Amino acid sequence: MNLNDLRTSVAETLYRQVGRTNGRIQTHRHLPVDVLEDESSYLVVFDAPGTEPDDVQVRYVDGTIRVRFDRFREFREGFDMRFPGRGMTLEGEVDLPADAIVDPDTGMATLSESGTVRIEIPKDSADSSDEGGTATDDLESDASDDDVVPDPAEPGELAVED
């Protein structure tokens, strides 16, 4: 092995390691999120480029919205992976305001073509006997550009159509 081969080998090894490290950091760091509010609902927005509807999970637990995106890398014929920098599992969570009273069973999640996941959760009436967000409610969700309709057979979960 000559000096150029050694230099190339060290550079490629270092390059791959940086990519793996970046992917691990992405996997363990929570995703940035926007929380918006109007008179009737909260809108929570996460960016998840490269995500397909089947890759999206949305849960509402005790006033916190949690998302998980399990992405997959496409096989590119004729190409070798040189820099695996994107995290394949991304997670995020956000607490709704402490005074938020919502109806998570009627929430909807959509996934745009650009990879933005929008979760809209209607506010519950203030005179409701249930605190509307204190119980554990799961919104298992895949998301698409189409409206998401709650599945009447399984309250608290969202069904998604492509």
# chains A, B, ... in the order shown; residues from 1 in each chain; ligands from 1
>>> closest_atom_pairs(of="range 37-93 of chain A", to="range 101-121 of chain A", cutoff="10 Å", atoms="only C-alpha atoms", output="tab-separated table")
residue	atom	partner	partner_atom	distance
A:Glu37	CA	A:Glu120	CA	9.5
A:Ser40	CA	A:Ile121	CA	8.8
A:Ser41	CA	A:Ile121	CA	5.5
A:Tyr42	CA	A:Ile121	CA	5.3
A:Leu43	CA	A:Glu120	CA	4.5
A:Val44	CA	A:Ile119	CA	5.1
A:Val45	CA	A:Arg118	CA	4.6
A:Phe46	CA	A:Val117	CA	5.2
A:Asp47	CA	A:Thr116	CA	4.5
A:Ala48	CA	A:Gly115	CA	5.0
A:Pro49	CA	A:Gly115	CA	4.1
A:Gly50	CA	A:Gly115	CA	6.3
A:Thr51	CA	A:Gly115	CA	6.2
A:Glu52	CA	A:Leu111	CA	8.1
A:Pro53	CA	A:Leu111	CA	6.9
A:Val56	CA	A:Val117	CA	8.6
A:Gln57	CA	A:Ala109	CA	9.7
A:Val58	CA	A:Ala109	CA	8.0
A:Arg59	CA	A:Pro104	CA	9.1
A:Tyr60	CA	A:Pro104	CA	6.8
A:Val61	CA	A:Pro104	CA	9.3
A:Gly63	CA	A:Ile101	CA	8.5
A:Ile65	CA	A:Ile119	CA	9.0
A:Val67	CA	A:Val117	CA	9.4
>>> write_last_selection(atoms="N, CA and C atoms", output="PDB file, in the first residue's frame")
ATOM      1  N   GLU A  37     -52.275  27.728  17.159  1.00  0.00           N
ATOM      2  CA  GLU A  37     -53.577  27.623  17.811  1.00  0.00           C
ATOM      3  C   GLU A  37     -54.540  28.594  17.161  1.00  0.00           C
ATOM      4  N   SER A  40     -60.574  27.010  17.465  1.00  0.00           N
ATOM      5  CA  SER A  40     -61.198  25.694  17.554  1.00  0.00           C
ATOM      6  C   SER A  40     -60.225  24.518  17.642  1.00  0.00           C
ATOM      7  N   SER A  41     -58.921  24.755  17.413  1.00  0.00           N
ATOM      8  CA  SER A  41     -58.003  23.612  17.416  1.00  0.00           C
ATOM      9  C   SER A  41     -56.547  24.039  17.591  1.00  0.00           C
ATOM     10  N   TYR A  42     -55.711  23.022  17.799  1.00  0.00           N
ATOM     11  CA  TYR A  42     -54.256  23.191  17.792  1.00  0.00           C
ATOM     12  C   TYR A  42     -53.734  22.518  16.534  1.00  0.00           C
ATOM     13  N   LEU A  43     -52.729  23.117  15.932  1.00  0.00           N
ATOM     14  CA  LEU A  43     -52.078  22.555  14.757  1.00  0.00           C
ATOM     15  C   LEU A  43     -50.610  22.369  15.095  1.00  0.00           C
ATOM     16  N   VAL A  44     -50.132  21.145  14.986  1.00  0.00           N
ATOM     17  CA  VAL A  44     -48.749  20.805  15.297  1.00  0.00           C
ATOM     18  C   VAL A  44     -48.097  20.355  13.997  1.00  0.00           C
ATOM     19  N   VAL A  45     -46.921  20.932  13.677  1.00  0.00           N
ATOM     20  CA  VAL A  45     -46.276  20.668  12.391  1.00  0.00           C
ATOM     21  C   VAL A  45     -44.852  20.174  12.609  1.00  0.00           C
ATOM     22  N   PHE A  46     -44.555  19.002  12.043  1.00  0.00           N
ATOM     23  CA  PHE A  46     -43.210  18.418  12.057  1.00  0.00           C
ATOM     24  C   PHE A  46     -42.738  18.257  10.619  1.00  0.00           C
ATOM     25  N   ASP A  47     -41.446  18.409  10.379  1.00  0.00           N
ATOM     26  CA  ASP A  47     -40.865  18.133   9.068  1.00  0.00           C
ATOM     27  C   ASP A  47     -40.263  16.742   9.082  1.00  0.00           C
ATOM     28  N   ALA A  48     -40.623  15.928   8.102  1.00  0.00           N
ATOM     29  CA  ALA A  48     -40.117  14.557   8.011  1.00  0.00           C
ATOM     30  C   ALA A  48     -39.920  14.174   6.552  1.00  0.00           C
ATOM     31  N   PRO A  49     -38.994  14.849   5.853  1.00  0.00           N
ATOM     32  CA  PRO A  49     -38.794  14.530   4.440  1.00  0.00           C
ATOM     33  C   PRO A  49     -38.357  13.082   4.258  1.00  0.00           C
ATOM     34  N   GLY A  50     -38.819  12.493   3.163  1.00  0.00           N
ATOM     35  CA  GLY A  50     -38.467  11.111   2.874  1.00  0.00           C
ATOM     36  C   GLY A  50     -39.344  10.106   3.592  1.00  0.00           C
ATOM     37  N   THR A  51     -40.392  10.585   4.240  1.00  0.00           N
ATOM     38  CA  THR A  51     -41.284   9.715   4.999  1.00  0.00           C
ATOM     39  C   THR A  51     -42.482   9.336   4.141  1.00  0.00           C
ATOM     40  N   GLU A  52     -42.882   8.091   4.231  1.00  0.00           N
ATOM     41  CA  GLU A  52     -44.079   7.595   3.553  1.00  0.00           C
ATOM     42  C   GLU A  52     -45.201   7.484   4.587  1.00  0.00           C
ATOM     43  N   PRO A  53     -46.456   7.463   4.137  1.00  0.00           N
ATOM     44  CA  PRO A  53     -47.566   7.386   5.090  1.00  0.00           C
ATOM     45  C   PRO A  53     -47.464   6.224   6.079  1.00  0.00           C
ATOM     46  N   VAL A  56     -45.314   6.730   9.529  1.00  0.00           N
ATOM     47  CA  VAL A  56     -45.660   7.754  10.518  1.00  0.00           C
ATOM     48  C   VAL A  56     -46.481   7.167  11.665  1.00  0.00           C
ATOM     49  N   GLN A  57     -46.078   7.480  12.893  1.00  0.00           N
ATOM     50  CA  GLN A  57     -46.851   7.120  14.085  1.00  0.00           C
ATOM     51  C   GLN A  57     -47.073   8.398  14.888  1.00  0.00           C
ATOM     52  N   VAL A  58     -48.313   8.625  15.297  1.00  0.00           N
ATOM     53  CA  VAL A  58     -48.654   9.799  16.104  1.00  0.00           C
ATOM     54  C   VAL A  58     -49.388   9.312  17.343  1.00  0.00           C
ATOM     55  N   ARG A  59     -48.969   9.806  18.500  1.00  0.00           N
ATOM     56  CA  ARG A  59     -49.610   9.436  19.767  1.00  0.00           C
ATOM     57  C   ARG A  59     -49.868  10.697  20.582  1.00  0.00           C
ATOM     58  N   TYR A  60     -50.977  10.680  21.294  1.00  0.00           N
ATOM     59  CA  TYR A  60     -51.304  11.748  22.229  1.00  0.00           C
ATOM     60  C   TYR A  60     -51.366  11.118  23.615  1.00  0.00           C
ATOM     61  N   VAL A  61     -50.497  11.562  24.513  1.00  0.00           N
ATOM     62  CA  VAL A  61     -50.439  11.000  25.860  1.00  0.00           C
ATOM     63  C   VAL A  61     -50.306  12.140  26.862  1.00  0.00           C
ATOM     64  N   GLY A  63     -51.403  15.196  27.341  1.00  0.00           N
ATOM     65  CA  GLY A  63     -51.088  16.553  26.913  1.00  0.00           C
ATOM     66  C   GLY A  63     -49.862  16.675  26.029  1.00  0.00           C
ATOM     67  N   ILE A  65     -47.931  15.443  22.428  1.00  0.00           N
ATOM     68  CA  ILE A  65     -48.029  14.788  21.129  1.00  0.00           C
ATOM     69  C   ILE A  65     -46.656  14.223  20.807  1.00  0.00           C
ATOM     70  N   VAL A  67     -44.402  11.894  17.989  1.00  0.00           N
ATOM     71  CA  VAL A  67     -44.363  11.341  16.641  1.00  0.00           C
ATOM     72  C   VAL A  67     -43.117  10.487  16.476  1.00  0.00           C
TER      73      VAL A  67
END
>>> select_by_dssp(residues="range 21-74 of chain A", states="alpha helix (DSSP H)", output="list of chain:residue names")
A:Thr21, A:Asn22, A:Gly23, A:Arg24, A:Ile25, A:Gln26, A:Thr27, A:His28
>>> atom_distance(atom1="CA of Leu36 in chain A", atom2="CA of Glu93 in chain A")
14.4 Å
>>> closest_residue(among="A:Thr8, A:Asn2, A:Thr89, A:Thr13", to="Phe69 in chain A", atoms="only C-alpha atoms")
A:Thr89
>>> residues_around(residues="Asp55 in chain A", least_positions_apart="6", cutoff="8 Å", atoms="only C-alpha atoms", output="VMD selection string")
chain A and resid 68 to 71 142
>>> write_last_selection(atoms="C-alpha atoms", output="short mmCIF file (atom, residue, chain, number, x, y, z; two decimals), in the first residue's frame")
data_model
loop_
_atom_site.label_atom_id
_atom_site.label_comp_id
_atom_site.auth_asym_id
_atom_site.auth_seq_id
_atom_site.Cartn_x
_atom_site.Cartn_y
_atom_site.Cartn_z
CA ARG A 68 -42.09 8.68 15.23
CA PHE A 69 -41.01 8.33 11.62
CA ASP A 70 -39.37 5.08 10.51
CA ARG A 71 -37.90 5.97 7.13
CA ASP A 142 -50.16 7.23 9.08
#
